[in-house]
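Remarks on the structure that follows.
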Amino acid sequence: MTEREFAIEVVQKLRDAGFQALWAGGCVRDELLGLSPDDYDVATDATPEQVRKLFKRTIAVGMIFGVIEVLGPPAEKGYLKVQVATFRSDVSYSDGRRPDEVVFSTAREDAERRDFTINGMFFDPLERQLIDYVGGQTDLQARVLRAIGDPVQRFTEDKLRMLRAVRFATRFELTVDPATMDAIRAMAPKITVVSAERIADELRKLLVSPHRARGMRLLDETGLAAVLLPEVLPMKNLPQGLPSAPTGNLWEHTLRVLELLGPEATFPLAFAALLHDVGKPRVVGRTPDRYTFYQHEHVGRRLASEIGLRLKLSNQERDRIEWLVEKHQYLADSPRMRPSKLKQTLIHSGIQELLALHRADALASDRSVDHVEYCEKLLSEWSDADLNPPPLLTGYDLMRHGLEQGPDFKRLLDSVREAQLDGAITTPEEALEMVNRLAEEGAE
């Protein structure tokens with residue numbers, strides 16, 4: 001059984017028990033667009049208690065809001081599940097995020113309290129009939145994203161809806177209705193009442209979209225970028241190219257890099273692409289014939305760290321983003337780098353993301369991608385043993401060799417490791433000879 005079939009079965013069982021039951025929200029929108037919904041939601045006039053009595057296995061995921069999760073047969077990942085929510089109206093939103101109280105109501109009132117018209121439709125899967133109280137089908141056909149009713153009221157109720165508007169318009173390639181856009185611009189500074197975790201989750205979904213560059217344009221046009229990512233705005237004022245022949249600004253270059261990442265970019269890669277040159281406005285200099293940006297990759301890493309902490313990204317995400325930002329120029333000289341230096345980067349778990357970032361950055365600047373292809377060639381030729389062979393010596397070996405443990409250990413081991421990765425030495429005996437030589441030189 002598929003999740004869609006189970007969602008039909010849930011509706012059938014509610015209807016057989018005398019209740020009204022319809023598919024609601026995003027699954028209706030996706031079906032109209034010919035997409036496969038991620039999940040199915042059912043709206044009903046049955047109360048939560050009645051839903052729980054009707055189905056054998058349920059989870060009260062939001063009893064206060066009238067939401068019960070109904071579990072079905074085992075599936076590939078866990079169990080099939082459908083969320084069943086009682087038709088409701090929301091009384092007030094004092095925290096600007098969640099309703100303080102809900103009142104169970106009718107299907108029309110339930111539709112009118114939702115966020116956008118494209119998400120406010122119902123569908124009867126038994127009669128195969130669309131129930132649309134808010135004009136969602138018309139807006140979907142016209143490719144328009146429109147808040148239901150008064151947009152200011154919708155965003156006052158839940159500030160996260162402003163970010164969701166950008167994401168939906170991006171994902172489905174919609175034009176934002178002017179009144180809805182004006183309301184977002186006016187209320188953008190209030191987005192900060194939403195938790196960092198929820199904001200980060202919306203940014204994750206936005207940046208993994210194939211249309212992520214348009215999403216960032218919308219984030220800027222709505223004023224949300226100025227509040228959530230103020231560090232990126234100075235890029236708009238920084239010319240790109242030579243002073244004598246400018247080719248746009250750094251912001252446009254960054255958006256082009258986002259486009260060139262391709263449809264399958266991970267969130268850390270896309271976020272690193274957004275931030276890869278964020279340090280440039282802080283260090284920009286100029287000679288008679290060019291702009292300089294010395295150390296911008298290190299400044300960029302620091303800014304990426306501050307942004308990641310502010311958004312409460314996971315340590316793993318933050319580490320990867322910071323590494324990609326700092327290394328986004330590192331491989332440009334790879335054909336001329338010592339193997340010991342290059343191998344330490346090629347063995348990194350994020351190397352494929354780094355190569356994708358290098359490629360997109362080069363193409364966005366009309367530069368050669370020879371350095372990327374060179375690294376890809378090495379990766380196809382070198383095994384993991386070539387890239388990261390077992391060390392020839394350890395600190396224990398140095399002590400057995402008669403050396404006293406101390407600050408010199410790291411210098412000696414690092415030197416031996418570099419020589420090993422360069423292919424200059426290949427055996428423990430050669431490594432010990434090198435240690436003896438280095439120790440003698442250090443004693444002089």
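Each chain in the structure tokens gets a letter, A, B and so on, in the order shown; residues start at 1 in every chain, and ligands are counted from 1 in the order they appear.
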
According to DSSP computed on the backbone, where in range 170-377 of chain A is there strand (DSSP E or B)? Give the residues as a PyMOL selection string.
chain A and resi 175-176+239-242+245-249+285-286+291-292

Could you write those residues out with all heavy atoms, as an mmCIF file, in the first residue's frame?
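The new file selection_4.cif reads:
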```cif
data_model
loop_
_atom_site.group_PDB
_atom_site.id
_atom_site.type_symbol
_atom_site.label_atom_id
_atom_site.label_comp_id
_atom_site.auth_asym_id
_atom_site.auth_seq_id
_atom_site.Cartn_x
_atom_site.Cartn_y
_atom_site.Cartn_z
ATOM 1 N N THR A 175 4.980 34.135 -9.028
ATOM 2 C CA THR A 175 5.120 35.569 -8.793
ATOM 3 C C THR A 175 4.367 35.909 -7.519
ATOM 4 O O THR A 175 3.231 35.467 -7.327
ATOM 5 C CB THR A 175 4.535 36.374 -9.968
ATOM 6 O OG1 THR A 175 5.248 36.044 -11.156
ATOM 7 C CG2 THR A 175 4.657 37.875 -9.707
ATOM 8 N N VAL A 176 4.989 36.694 -6.654
ATOM 9 C CA VAL A 176 4.324 37.064 -5.399
ATOM 10 C C VAL A 176 3.340 38.195 -5.676
ATOM 11 O O VAL A 176 3.699 39.220 -6.277
ATOM 12 C CB VAL A 176 5.344 37.492 -4.323
ATOM 13 C CG1 VAL A 176 4.622 37.854 -3.024
ATOM 14 C CG2 VAL A 176 6.355 36.385 -4.075
ATOM 15 N N PRO A 239 32.025 46.232 -7.003
ATOM 16 C CA PRO A 239 32.133 45.897 -8.428
ATOM 17 C C PRO A 239 32.874 44.582 -8.637
ATOM 18 O O PRO A 239 33.783 44.240 -7.887
ATOM 19 C CB PRO A 239 32.937 47.075 -9.011
ATOM 20 C CG PRO A 239 32.791 48.174 -8.018
ATOM 21 C CD PRO A 239 32.687 47.505 -6.678
ATOM 22 N N GLN A 240 32.472 43.867 -9.664
ATOM 23 C CA GLN A 240 33.117 42.619 -10.032
ATOM 24 C C GLN A 240 33.911 42.853 -11.314
ATOM 25 O O GLN A 240 33.469 43.552 -12.213
ATOM 26 C CB GLN A 240 32.057 41.538 -10.251
ATOM 27 C CG GLN A 240 32.608 40.157 -10.536
ATOM 28 C CD GLN A 240 33.159 39.462 -9.312
ATOM 29 O OE1 GLN A 240 33.214 40.045 -8.237
ATOM 30 N NE2 GLN A 240 33.585 38.233 -9.464
ATOM 31 N N GLY A 241 35.094 42.275 -11.408
ATOM 32 C CA GLY A 241 35.931 42.457 -12.581
ATOM 33 C C GLY A 241 36.969 43.545 -12.368
ATOM 34 O O GLY A 241 37.185 44.020 -11.243
ATOM 35 N N LEU A 242 37.622 43.963 -13.420
ATOM 36 C CA LEU A 242 38.657 44.985 -13.338
ATOM 37 C C LEU A 242 38.034 46.372 -13.205
ATOM 38 O O LEU A 242 36.952 46.627 -13.741
ATOM 39 C CB LEU A 242 39.540 44.942 -14.583
ATOM 40 C CG LEU A 242 40.303 43.633 -14.832
ATOM 41 C CD1 LEU A 242 41.029 43.690 -16.168
ATOM 42 C CD2 LEU A 242 41.284 43.364 -13.700
ATOM 43 N N ALA A 245 37.087 47.657 -16.477
ATOM 44 C CA ALA A 245 36.067 46.912 -17.224
ATOM 45 C C ALA A 245 35.191 46.118 -16.271
ATOM 46 O O ALA A 245 35.266 44.891 -16.204
ATOM 47 C CB ALA A 245 36.730 45.985 -18.243
ATOM 48 N N PRO A 246 34.352 46.791 -15.491
ATOM 49 C CA PRO A 246 33.502 46.073 -14.524
ATOM 50 C C PRO A 246 32.517 45.147 -15.230
ATOM 51 O O PRO A 246 32.054 45.431 -16.339
ATOM 52 C CB PRO A 246 32.772 47.207 -13.791
ATOM 53 C CG PRO A 246 32.841 48.384 -14.720
ATOM 54 C CD PRO A 246 34.129 48.238 -15.476
ATOM 55 N N THR A 247 32.226 44.032 -14.565
ATOM 56 C CA THR A 247 31.318 43.031 -15.143
ATOM 57 C C THR A 247 30.138 42.766 -14.209
ATOM 58 O O THR A 247 29.671 41.642 -14.097
ATOM 59 C CB THR A 247 32.074 41.723 -15.412
ATOM 60 O OG1 THR A 247 32.659 41.255 -14.178
ATOM 61 C CG2 THR A 247 33.158 41.913 -16.440
ATOM 62 N N GLY A 248 29.674 43.775 -13.534
ATOM 63 C CA GLY A 248 28.587 43.589 -12.583
ATOM 64 C C GLY A 248 29.087 43.783 -11.166
ATOM 65 O O GLY A 248 30.117 44.419 -10.927
ATOM 66 N N ASN A 249 28.350 43.223 -10.217
ATOM 67 C CA ASN A 249 28.786 43.336 -8.827
ATOM 68 C C ASN A 249 28.911 41.957 -8.196
ATOM 69 O O ASN A 249 28.511 40.950 -8.779
ATOM 70 C CB ASN A 249 27.849 44.241 -8.019
ATOM 71 C CG ASN A 249 26.425 43.704 -7.960
ATOM 72 O OD1 ASN A 249 26.197 42.539 -7.635
ATOM 73 N ND2 ASN A 249 25.458 44.549 -8.286
ATOM 74 N N GLY A 285 40.759 46.324 -1.393
ATOM 75 C CA GLY A 285 41.762 47.350 -1.651
ATOM 76 C C GLY A 285 41.840 47.575 -3.140
ATOM 77 O O GLY A 285 41.167 46.895 -3.925
ATOM 78 N N ARG A 286 42.664 48.534 -3.550
ATOM 79 C CA ARG A 286 42.747 48.803 -4.987
ATOM 80 C C ARG A 286 44.139 49.275 -5.365
ATOM 81 O O ARG A 286 44.732 50.110 -4.687
ATOM 82 C CB ARG A 286 41.708 49.849 -5.388
ATOM 83 C CG ARG A 286 41.738 50.153 -6.878
ATOM 84 C CD ARG A 286 40.607 51.041 -7.316
ATOM 85 N NE ARG A 286 40.777 51.425 -8.709
ATOM 86 C CZ ARG A 286 39.915 52.140 -9.411
ATOM 87 N NH1 ARG A 286 38.793 52.540 -8.833
ATOM 88 N NH2 ARG A 286 40.144 52.462 -10.668
ATOM 89 N N TYR A 291 41.357 45.391 -8.231
ATOM 90 C CA TYR A 291 40.943 45.336 -6.830
ATOM 91 C C TYR A 291 41.689 44.194 -6.153
ATOM 92 O O TYR A 291 42.029 43.194 -6.784
ATOM 93 C CB TYR A 291 39.433 45.086 -6.716
ATOM 94 C CG TYR A 291 38.585 46.193 -7.282
ATOM 95 C CD1 TYR A 291 37.936 46.027 -8.511
ATOM 96 C CD2 TYR A 291 38.435 47.395 -6.598
ATOM 97 C CE1 TYR A 291 37.150 47.042 -9.041
ATOM 98 C CE2 TYR A 291 37.656 48.415 -7.118
ATOM 99 C CZ TYR A 291 37.017 48.235 -8.344
ATOM 100 O OH TYR A 291 36.248 49.237 -8.864
ATOM 101 N N THR A 292 41.946 44.343 -4.869
ATOM 102 C CA THR A 292 42.593 43.279 -4.101
ATOM 103 C C THR A 292 41.691 42.878 -2.939
ATOM 104 O O THR A 292 40.936 43.698 -2.408
ATOM 105 C CB THR A 292 43.960 43.733 -3.557
ATOM 106 O OG1 THR A 292 43.761 44.838 -2.655
ATOM 107 C CG2 THR A 292 44.883 44.152 -4.693
#
```

Set the distance at 7 Å and use only C-alpha atoms: which residues neighbour range 195-197 of chain A once local chain neighbours fewer than 2 positions away are removed? I'd like the list as a PyMOL selection string.
chain A and resi 193+199-201+311-312

How would the residues just picked look written out with N, CA, C and O atoms as a PDB file, in the first residue's frame?
```pdb
ATOM      1  N   VAL A 193      11.161  37.328  15.651  1.00  0.00           N
ATOM      2  CA  VAL A 193      10.435  36.671  16.743  1.00  0.00           C
ATOM      3  C   VAL A 193      10.402  35.154  16.527  1.00  0.00           C
ATOM      4  O   VAL A 193      10.121  34.403  17.452  1.00  0.00           O
ATOM      5  N   ILE A 199      13.937  29.355  11.342  1.00  0.00           N
ATOM      6  CA  ILE A 199      14.484  30.160  10.243  1.00  0.00           C
ATOM      7  C   ILE A 199      15.501  29.343   9.455  1.00  0.00           C
ATOM      8  O   ILE A 199      15.486  29.314   8.216  1.00  0.00           O
ATOM      9  N   ALA A 200      16.391  28.666  10.175  1.00  0.00           N
ATOM     10  CA  ALA A 200      17.409  27.849   9.507  1.00  0.00           C
ATOM     11  C   ALA A 200      16.768  26.748   8.675  1.00  0.00           C
ATOM     12  O   ALA A 200      17.235  26.430   7.572  1.00  0.00           O
ATOM     13  N   ASP A 201      15.694  26.162   9.178  1.00  0.00           N
ATOM     14  CA  ASP A 201      15.028  25.090   8.437  1.00  0.00           C
ATOM     15  C   ASP A 201      14.458  25.608   7.118  1.00  0.00           C
ATOM     16  O   ASP A 201      14.544  24.927   6.084  1.00  0.00           O
ATOM     17  N   LEU A 311      22.288  31.187  13.569  1.00  0.00           N
ATOM     18  CA  LEU A 311      21.182  30.372  13.073  1.00  0.00           C
ATOM     19  C   LEU A 311      21.079  29.025  13.787  1.00  0.00           C
ATOM     20  O   LEU A 311      20.186  28.231  13.484  1.00  0.00           O
ATOM     21  N   LYS A 312      22.003  28.773  14.692  1.00  0.00           N
ATOM     22  CA  LYS A 312      22.032  27.521  15.460  1.00  0.00           C
ATOM     23  C   LYS A 312      22.105  26.299  14.552  1.00  0.00           C
ATOM     24  O   LYS A 312      21.404  25.300  14.760  1.00  0.00           O
TER      25      LYS A 312
END
```

If we count only C-alpha atoms and set the cut-off at 9 Å, which residues sit around Ser365 in chain A, ignoring sequence neighbours fewer than 4 positions away in its own chain? Please answer as a PyMOL selection string.
chain A and resi 241+253+257+360-361

Do a neighbour search on His401 in chain A at 12 Å with only C-alpha atoms, toss out local chain neighbours closer than 2 positions, and write the hits as an MDAnalysis selection string.
chainID A and resid 393:399 403:405 428:429 431:433 435:436 439

Per-residue DSSP, range 285-435 of chain A, filtered to helix (DSSP H, G or I), as an MDAnalysis selection string
chainID A and resid 296:310 315:326 330:336 339:346 351:364 370:381 384:387 395:400 408:422 428:435

Pick out the residues sitting within 12 Å of Arg171 in chain A, and hand them over as a PDB file with N, CA and C atoms, in the first residue's frame; count only C-alpha atoms, and ignore anything fewer than 4 positions along from it in its own chain.
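Output below, filename part26.pdb:
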```pdb
ATOM      1  N   ASP A  30       0.076  19.928  -4.564  1.00  0.00           N
ATOM      2  CA  ASP A  30       1.034  19.108  -5.309  1.00  0.00           C
ATOM      3  C   ASP A  30       0.343  18.221  -6.335  1.00  0.00           C
ATOM      4  N   LEU A  33      -0.487  20.112  -9.339  1.00  0.00           N
ATOM      5  CA  LEU A  33       0.710  20.424 -10.120  1.00  0.00           C
ATOM      6  C   LEU A  33       1.315  19.184 -10.768  1.00  0.00           C
ATOM      7  N   ARG A 143       0.045  31.136 -11.704  1.00  0.00           N
ATOM      8  CA  ARG A 143       1.398  31.119 -11.109  1.00  0.00           C
ATOM      9  C   ARG A 143       1.599  32.310 -10.171  1.00  0.00           C
ATOM     10  N   LEU A 145       1.481  33.623  -6.037  1.00  0.00           N
ATOM     11  CA  LEU A 145       1.427  33.302  -4.609  1.00  0.00           C
ATOM     12  C   LEU A 145       0.729  34.456  -3.912  1.00  0.00           C
ATOM     13  N   ARG A 164       8.187  31.454   4.427  1.00  0.00           N
ATOM     14  CA  ARG A 164       7.531  30.399   3.658  1.00  0.00           C
ATOM     15  C   ARG A 164       7.048  30.939   2.312  1.00  0.00           C
ATOM     16  N   ALA A 165       6.647  32.202   2.284  1.00  0.00           N
ATOM     17  CA  ALA A 165       6.229  32.818   1.026  1.00  0.00           C
ATOM     18  C   ALA A 165       7.383  32.813   0.026  1.00  0.00           C
ATOM     19  N   VAL A 166       8.563  33.183   0.489  1.00  0.00           N
ATOM     20  CA  VAL A 166       9.742  33.176  -0.382  1.00  0.00           C
ATOM     21  C   VAL A 166      10.033  31.758  -0.857  1.00  0.00           C
ATOM     22  N   ARG A 167       9.941  30.805   0.045  1.00  0.00           N
ATOM     23  CA  ARG A 167      10.251  29.416  -0.330  1.00  0.00           C
ATOM     24  C   ARG A 167       9.242  28.862  -1.330  1.00  0.00           C
ATOM     25  N   THR A 175       4.980  34.135  -9.028  1.00  0.00           N
ATOM     26  CA  THR A 175       5.120  35.569  -8.793  1.00  0.00           C
ATOM     27  C   THR A 175       4.367  35.909  -7.519  1.00  0.00           C
ATOM     28  N   GLU A 202      13.888  26.812   7.132  1.00  0.00           N
ATOM     29  CA  GLU A 202      13.384  27.403   5.891  1.00  0.00           C
ATOM     30  C   GLU A 202      14.533  27.705   4.928  1.00  0.00           C
ATOM     31  N   LYS A 205      15.668  24.519   3.151  1.00  0.00           N
ATOM     32  CA  LYS A 205      14.767  24.140   2.059  1.00  0.00           C
ATOM     33  C   LYS A 205      14.925  25.085   0.869  1.00  0.00           C
ATOM     34  N   LEU A 206      15.160  26.355   1.141  1.00  0.00           N
ATOM     35  CA  LEU A 206      15.310  27.335   0.070  1.00  0.00           C
ATOM     36  C   LEU A 206      16.595  27.096  -0.721  1.00  0.00           C
ATOM     37  N   LEU A 207      17.683  26.819  -0.021  1.00  0.00           N
ATOM     38  CA  LEU A 207      18.979  26.726  -0.677  1.00  0.00           C
ATOM     39  C   LEU A 207      19.217  25.392  -1.382  1.00  0.00           C
ATOM     40  N   VAL A 208      18.490  24.357  -1.033  1.00  0.00           N
ATOM     41  CA  VAL A 208      18.633  23.101  -1.777  1.00  0.00           C
ATOM     42  C   VAL A 208      17.717  23.071  -3.005  1.00  0.00           C
ATOM     43  N   SER A 209      16.886  24.091  -3.173  1.00  0.00           N
ATOM     44  CA  SER A 209      16.034  24.175  -4.352  1.00  0.00           C
ATOM     45  C   SER A 209      16.889  24.456  -5.586  1.00  0.00           C
ATOM     46  N   PRO A 210      16.565  23.838  -6.728  1.00  0.00           N
ATOM     47  CA  PRO A 210      17.277  24.170  -7.967  1.00  0.00           C
ATOM     48  C   PRO A 210      17.162  25.648  -8.333  1.00  0.00           C
ATOM     49  N   HIS A 211      16.124  26.328  -7.801  1.00  0.00           N
ATOM     50  CA  HIS A 211      15.905  27.742  -8.095  1.00  0.00           C
ATOM     51  C   HIS A 211      16.437  28.625  -6.966  1.00  0.00           C
ATOM     52  N   ARG A 212      17.467  28.161  -6.280  1.00  0.00           N
ATOM     53  CA  ARG A 212      17.969  28.855  -5.084  1.00  0.00           C
ATOM     54  C   ARG A 212      18.407  30.296  -5.363  1.00  0.00           C
ATOM     55  N   ALA A 213      18.944  30.572  -6.550  1.00  0.00           N
ATOM     56  CA  ALA A 213      19.393  31.935  -6.852  1.00  0.00           C
ATOM     57  C   ALA A 213      18.202  32.891  -6.870  1.00  0.00           C
ATOM     58  N   ARG A 214      17.091  32.458  -7.481  1.00  0.00           N
ATOM     59  CA  ARG A 214      15.886  33.298  -7.453  1.00  0.00           C
ATOM     60  C   ARG A 214      15.377  33.446  -6.023  1.00  0.00           C
ATOM     61  N   GLY A 215      15.513  32.391  -5.247  1.00  0.00           N
ATOM     62  CA  GLY A 215      15.101  32.468  -3.849  1.00  0.00           C
ATOM     63  C   GLY A 215      15.869  33.533  -3.092  1.00  0.00           C
ATOM     64  N   MET A 216      17.164  33.636  -3.348  1.00  0.00           N
ATOM     65  CA  MET A 216      17.964  34.654  -2.667  1.00  0.00           C
ATOM     66  C   MET A 216      17.616  36.052  -3.173  1.00  0.00           C
ATOM     67  N   LEU A 218      14.619  36.948  -4.076  1.00  0.00           N
ATOM     68  CA  LEU A 218      13.372  37.249  -3.375  1.00  0.00           C
ATOM     69  C   LEU A 218      13.627  37.592  -1.910  1.00  0.00           C
ATOM     70  N   PRO A 263      21.280  21.145  -9.632  1.00  0.00           N
ATOM     71  CA  PRO A 263      20.057  20.912  -8.848  1.00  0.00           C
ATOM     72  C   PRO A 263      20.251  20.103  -7.577  1.00  0.00           C
TER      73      PRO A 263
END
```

Computed interatomic separation between CA of His298 in chain A and CA of Pro234 in chain A (Å):
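Those two atoms sit 17.1 Å apart.
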